[in-house]
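J.: Below is one structure. I have some questions about it.
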Amino acid sequence: MSDALSVDGFGFRMKKLLFGVASAVLASTAGVSVLAVRYEDTIRPNVFVGEVMVGGLSPQEAAKKVRTWWETEKLETIKLTSPKLPKQLPPMKPTELGVTLDDAATIAQLPLQGFVDNAQTTLQREIPEKEVFNPVFKPNGVIPEKLVKLVKASVGKPKAARALYKGGGLIELKPEVSGLELDVPSLSAAVVSALERDKVLELPLEEAPKTIPDEQLAEIKNVIAEFSTRFSAGNRPRATNLKLASSIINGVVIPPGEQFSFNGTVGRRTTQRGFRVAGVYLNGRHDTGVGGGICQVSTTLFNAALLSNLEIVQRSNHSMPVPYVPVGRDATVNWGSHDLVLRNNYDTPIAISSSYEPGRLTFRVLGKKDPGLSVKIERSGLKSWGAGVKTVYDSSLPAGKRRVIERGTSGFSVQTHRVVYKDGKVLKREPLGRSHYPGGSTIIAVGPSRPAAPPVSTPPVQNDTGYDPYLDSNGL
């Protein structure tokens, strides 16, 4: 009986022990479950972003630590290099180059570990192998205008294509030097690469597109037409102006369909630029002004353009006839008011070449000549009239003494046409408009007499004979 009780007591004690162990295990498991639920994934130990250790941190903690690193790092400059640049550029900060840290993307690439992996690492006391990840960068929306300006300043201004007549039918072509441009879309990737390596940035540069491609420039092979005028080489200020203005135009290339502006090309006539005071026409009277005489440059060019069959977009005649071309064939220019504008209506580029020699100015239009094309300039409906004489008193003159103040000129009006021939047949007859020259009265100063006589004026005289005194004098 006692043995049976002994066995039963042992069984009871074993059941109690097992129940206790089970209870402990269940309690431990419940606790672990609670911990696991509350646990936040962390970055795997021994992980670095560049030189910043972020292993074992939560993503939020790691992002904060990386941002702190960037606040110092972004103050460091990047060296700018390029074998294409003639001089070294100053270093710049990455933010100035349009790049900043993308902390979200940087942290998103890092390996995380959960509760179980972390517990296992802790129990095994093993340090994982070191892993290094590069920071991730992104454009900051800043356009690197400072860098663009530095590149332009280093490269210098591009040089336009030129075509020059060298004599004997020889034409010298000078291809365009377009310069270099910063490849802005490729810059961010290049900056990131520099930040990941040695902070040395080879700038992404590319050749700017040419206005006149070399193969188009090569099509300028012939003299399409030329025209010359004569002048007095003894008038040094006027001759200086002719030489300077024509030299600025010499070699200018005009692409197909594009326009040429005389004022836009020659620019403002100032003494600082080398222009001198010489005679000009002003409202039907002779006067002086800076750049006097360059209307002979525009007129000579105008006639070369006419004979080349270029489109005349804008042209004005003088207030009085000029002595170097017939009436209806001149082209006056004045800064801010009158311009000579031509358009290249050819399918290929053309160039304007000038030749200056004492007493003679020549303009040539260069391009691809059509041997079957020819041009003739005709005039019709020529009218002329005297502008009369005006007498004024001058108290500084002796009584009855006369002095010519203004020589005056006759007035003229004429219609001009351009006739274009193709293989000897009329292709078109183009009206160029009527040129009207009001002329100017002759002004004579007279010393006062006793009693003073009233001023005398001679009325204008109409002349419809068609005689043009400027035609024979130019041999045209």
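In the structure tokens, chains take the letters A, B, ... in the order shown, each chain's residues start at 1, and ligands count up from 1 in the order shown.
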Identify, on the basis of only C-alpha atoms, every residue whose closest approach to Ala225 of chain A does not exceed 6 Å; exclude the query and any residue fewer than 3 positions from it along the same chain; express the result as a PDB file with all heavy atoms, in the first residue's frame.
T.:
```pdb
ATOM      1  N   LEU A 307      23.407  93.279-109.057  1.00  0.00           N
ATOM      2  CA  LEU A 307      23.928  92.492-110.176  1.00  0.00           C
ATOM      3  C   LEU A 307      24.044  91.013-109.828  1.00  0.00           C
ATOM      4  O   LEU A 307      24.160  90.175-110.721  1.00  0.00           O
ATOM      5  CB  LEU A 307      25.287  93.047-110.609  1.00  0.00           C
ATOM      6  CG  LEU A 307      25.260  94.499-111.126  1.00  0.00           C
ATOM      7  CD1 LEU A 307      26.681  94.997-111.390  1.00  0.00           C
ATOM      8  CD2 LEU A 307      24.410  94.613-112.383  1.00  0.00           C
ATOM      9  N   SER A 308      24.013  90.678-108.530  1.00  0.00           N
ATOM     10  CA  SER A 308      24.079  89.280-108.090  1.00  0.00           C
ATOM     11  C   SER A 308      22.700  88.662-107.954  1.00  0.00           C
ATOM     12  O   SER A 308      22.582  87.497-107.584  1.00  0.00           O
ATOM     13  CB  SER A 308      24.813  89.177-106.747  1.00  0.00           C
ATOM     14  OG  SER A 308      26.108  89.722-106.830  1.00  0.00           O
ATOM     15  N   ARG A 364      32.470  92.489-104.108  1.00  0.00           N
ATOM     16  CA  ARG A 364      32.181  91.265-104.869  1.00  0.00           C
ATOM     17  C   ARG A 364      31.258  90.370-104.049  1.00  0.00           C
ATOM     18  O   ARG A 364      31.451  90.234-102.839  1.00  0.00           O
ATOM     19  CB  ARG A 364      33.462  90.506-105.213  1.00  0.00           C
ATOM     20  CG  ARG A 364      34.396  91.268-106.153  1.00  0.00           C
ATOM     21  CD  ARG A 364      35.692  90.496-106.377  1.00  0.00           C
ATOM     22  NE  ARG A 364      36.557  91.180-107.331  1.00  0.00           N
ATOM     23  CZ  ARG A 364      37.438  92.126-106.989  1.00  0.00           C
ATOM     24  NH1 ARG A 364      37.567  92.480-105.705  1.00  0.00           N
ATOM     25  NH2 ARG A 364      38.178  92.712-107.908  1.00  0.00           N
ATOM     26  N   VAL A 365      30.290  89.798-104.717  1.00  0.00           N
ATOM     27  CA  VAL A 365      29.437  88.795-104.084  1.00  0.00           C
ATOM     28  C   VAL A 365      29.943  87.428-104.530  1.00  0.00           C
ATOM     29  O   VAL A 365      30.004  87.138-105.740  1.00  0.00           O
ATOM     30  CB  VAL A 365      27.960  88.987-104.456  1.00  0.00           C
ATOM     31  CG1 VAL A 365      27.118  87.857-103.862  1.00  0.00           C
ATOM     32  CG2 VAL A 365      27.458  90.335-103.960  1.00  0.00           C
TER      33      VAL A 365
END
```
J.: How many Å separate atom CA of Lys422 of chain A from atom CA of Leu373 of chain A?
T.: 4.7 Å
J.: Skip Pro371 of chain A itself and residues of its chain fewer than 4 positions away, then list as a PyMOL selection string all residues within 12 Å of it, counting only C-alpha atoms.
T.: chain A and resi 222-225+308+367+375+421-424
J.: Would you list the contacts of Ile443 of chain A as a compact mmCIF listing (two decimals) with C-alpha atoms, in the first residue's frame, taking every protein, DNA or RNA residue within 7 Å and counting only C-alpha atoms, but skipping same-chain residues closer than 3 positions in sequence?
T.:
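Just written: around.txt:
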```txt
# COMPACT_ATOMS: atom_id res chain seq x y z
CA VAL A 389 18.23 130.10 -105.17
CA LYS A 390 17.73 131.62 -101.75
CA THR A 391 19.38 134.89 -100.69
CA VAL A 404 27.78 131.16 -101.51
CA ILE A 405 26.78 129.36 -98.30
CA GLU A 406 25.28 126.24 -99.92
CA ARG A 407 25.99 125.12 -103.46
```
J.: Using DSSP assignments from the backbone, pull out every residue in segment 220-331 of chain A that falls under helix (DSSP H, G or I) and give it to me as a PyMOL selection string.
T.: chain A and resi 236-249+262-266+271-273+294-307
J.: With N, CA and C atoms retained, could you export that selection as an mmCIF file, in the first residue's frame?
T.:
```cif
data_model
loop_
_atom_site.group_PDB
_atom_site.id
_atom_site.type_symbol
_atom_site.label_atom_id
_atom_site.label_comp_id
_atom_site.auth_asym_id
_atom_site.auth_seq_id
_atom_site.Cartn_x
_atom_site.Cartn_y
_atom_site.Cartn_z
ATOM 1 N N ARG A 236 41.387 112.581 -96.910
ATOM 2 C CA ARG A 236 41.836 111.535 -96.013
ATOM 3 C C ARG A 236 40.776 111.088 -95.000
ATOM 4 N N PRO A 237 40.042 112.004 -94.344
ATOM 5 C CA PRO A 237 39.020 111.532 -93.390
ATOM 6 C C PRO A 237 37.960 110.672 -94.068
ATOM 7 N N ARG A 238 37.501 111.104 -95.243
ATOM 8 C CA ARG A 238 36.470 110.338 -95.938
ATOM 9 C C ARG A 238 37.012 108.984 -96.394
ATOM 10 N N ALA A 239 38.238 108.982 -96.919
ATOM 11 C CA ALA A 239 38.847 107.735 -97.370
ATOM 12 C C ALA A 239 39.046 106.762 -96.198
ATOM 13 N N THR A 240 39.378 107.309 -95.034
ATOM 14 C CA THR A 240 39.527 106.468 -93.833
ATOM 15 C C THR A 240 38.222 105.776 -93.486
ATOM 16 N N ASN A 241 37.130 106.512 -93.558
ATOM 17 C CA ASN A 241 35.820 105.932 -93.256
ATOM 18 C C ASN A 241 35.443 104.835 -94.245
ATOM 19 N N LEU A 242 35.730 105.060 -95.524
ATOM 20 C CA LEU A 242 35.448 104.052 -96.547
ATOM 21 C C LEU A 242 36.233 102.776 -96.278
ATOM 22 N N LYS A 243 37.503 102.951 -95.971
ATOM 23 C CA LYS A 243 38.370 101.790 -95.748
ATOM 24 C C LYS A 243 37.940 101.006 -94.513
ATOM 25 N N LEU A 244 37.621 101.715 -93.435
ATOM 26 C CA LEU A 244 37.242 101.044 -92.190
ATOM 27 C C LEU A 244 35.926 100.290 -92.339
ATOM 28 N N ALA A 245 34.904 100.956 -92.877
ATOM 29 C CA ALA A 245 33.588 100.307 -93.008
ATOM 30 C C ALA A 245 33.646 99.106 -93.937
ATOM 31 N N SER A 246 34.346 99.242 -95.064
ATOM 32 C CA SER A 246 34.409 98.128 -96.017
ATOM 33 C C SER A 246 35.201 96.954 -95.451
ATOM 34 N N SER A 247 36.217 97.238 -94.620
ATOM 35 C CA SER A 247 37.008 96.150 -94.028
ATOM 36 C C SER A 247 36.194 95.347 -93.026
ATOM 37 N N ILE A 248 35.258 95.999 -92.325
ATOM 38 C CA ILE A 248 34.402 95.289 -91.368
ATOM 39 C C ILE A 248 33.501 94.292 -92.101
ATOM 40 N N ILE A 249 33.036 94.686 -93.290
ATOM 41 C CA ILE A 249 32.136 93.823 -94.063
ATOM 42 C C ILE A 249 32.900 92.719 -94.781
ATOM 43 N N PHE A 262 23.425 96.240 -93.073
ATOM 44 C CA PHE A 262 24.628 97.073 -93.109
ATOM 45 C C PHE A 262 24.896 97.661 -91.729
ATOM 46 N N ASN A 263 23.891 98.268 -91.116
ATOM 47 C CA ASN A 263 24.083 98.865 -89.798
ATOM 48 C C ASN A 263 24.403 97.811 -88.750
ATOM 49 N N GLY A 264 23.736 96.670 -88.847
ATOM 50 C CA GLY A 264 23.990 95.607 -87.890
ATOM 51 C C GLY A 264 25.391 95.044 -87.985
ATOM 52 N N THR A 265 25.975 95.098 -89.177
ATOM 53 C CA THR A 265 27.322 94.563 -89.381
ATOM 54 C C THR A 265 28.398 95.601 -89.095
ATOM 55 N N VAL A 266 28.238 96.793 -89.651
ATOM 56 C CA VAL A 266 29.257 97.839 -89.483
ATOM 57 C C VAL A 266 29.187 98.439 -88.088
ATOM 58 N N THR A 271 33.940 107.996 -83.139
ATOM 59 C CA THR A 271 35.381 108.290 -83.202
ATOM 60 C C THR A 271 36.171 107.255 -82.404
ATOM 61 N N GLN A 272 35.553 106.695 -81.355
ATOM 62 C CA GLN A 272 36.245 105.673 -80.554
ATOM 63 C C GLN A 272 36.550 104.440 -81.390
ATOM 64 N N ARG A 273 35.739 104.183 -82.400
ATOM 65 C CA ARG A 273 35.955 103.016 -83.250
ATOM 66 C C ARG A 273 36.814 103.344 -84.476
ATOM 67 N N ILE A 294 30.536 106.891 -95.729
ATOM 68 C CA ILE A 294 30.307 105.445 -95.803
ATOM 69 C C ILE A 294 29.069 105.106 -96.621
ATOM 70 N N CYS A 295 28.272 106.116 -96.995
ATOM 71 C CA CYS A 295 27.173 105.831 -97.914
ATOM 72 C C CYS A 295 27.710 105.360 -99.269
ATOM 73 N N GLN A 296 28.961 105.709 -99.575
ATOM 74 C CA GLN A 296 29.557 105.175 -100.797
ATOM 75 C C GLN A 296 29.836 103.684 -100.633
ATOM 76 N N VAL A 297 30.136 103.264 -99.412
ATOM 77 C CA VAL A 297 30.328 101.836 -99.143
ATOM 78 C C VAL A 297 29.008 101.088 -99.342
ATOM 79 N N SER A 298 27.932 101.602 -98.731
ATOM 80 C CA SER A 298 26.631 100.932 -98.864
ATOM 81 C C SER A 298 26.146 100.972 -100.305
ATOM 82 N N THR A 299 26.416 102.061 -101.011
ATOM 83 C CA THR A 299 25.986 102.166 -102.413
ATOM 84 C C THR A 299 26.732 101.180 -103.296
ATOM 85 N N THR A 300 28.030 101.068 -103.094
ATOM 86 C CA THR A 300 28.819 100.124 -103.893
ATOM 87 C C THR A 300 28.352 98.696 -103.646
ATOM 88 N N LEU A 301 28.103 98.369 -102.386
ATOM 89 C CA LEU A 301 27.595 97.042 -102.040
ATOM 90 C C LEU A 301 26.212 96.819 -102.642
ATOM 91 N N PHE A 302 25.352 97.827 -102.595
ATOM 92 C CA PHE A 302 24.001 97.729 -103.137
ATOM 93 C C PHE A 302 24.040 97.352 -104.611
ATOM 94 N N ASN A 303 24.913 97.956 -105.370
ATOM 95 C CA ASN A 303 24.997 97.668 -106.800
ATOM 96 C C ASN A 303 25.554 96.272 -107.064
ATOM 97 N N ALA A 304 26.509 95.840 -106.255
ATOM 98 C CA ALA A 304 27.009 94.468 -106.401
ATOM 99 C C ALA A 304 25.900 93.468 -106.092
ATOM 100 N N ALA A 305 25.064 93.785 -105.082
ATOM 101 C CA ALA A 305 23.941 92.915 -104.732
ATOM 102 C C ALA A 305 22.897 92.887 -105.844
ATOM 103 N N LEU A 306 22.635 94.056 -106.455
ATOM 104 C CA LEU A 306 21.695 94.103 -107.574
ATOM 105 C C LEU A 306 22.133 93.186 -108.700
ATOM 106 N N LEU A 307 23.407 93.279 -109.057
ATOM 107 C CA LEU A 307 23.928 92.492 -110.176
ATOM 108 C C LEU A 307 24.044 91.013 -109.828
#
```
J.: Work out how far apart atom CA of Thr348 of chain A and atom CA of Pro256 of chain A are and give it in Å to one decimal.
T.: 5.4 Å
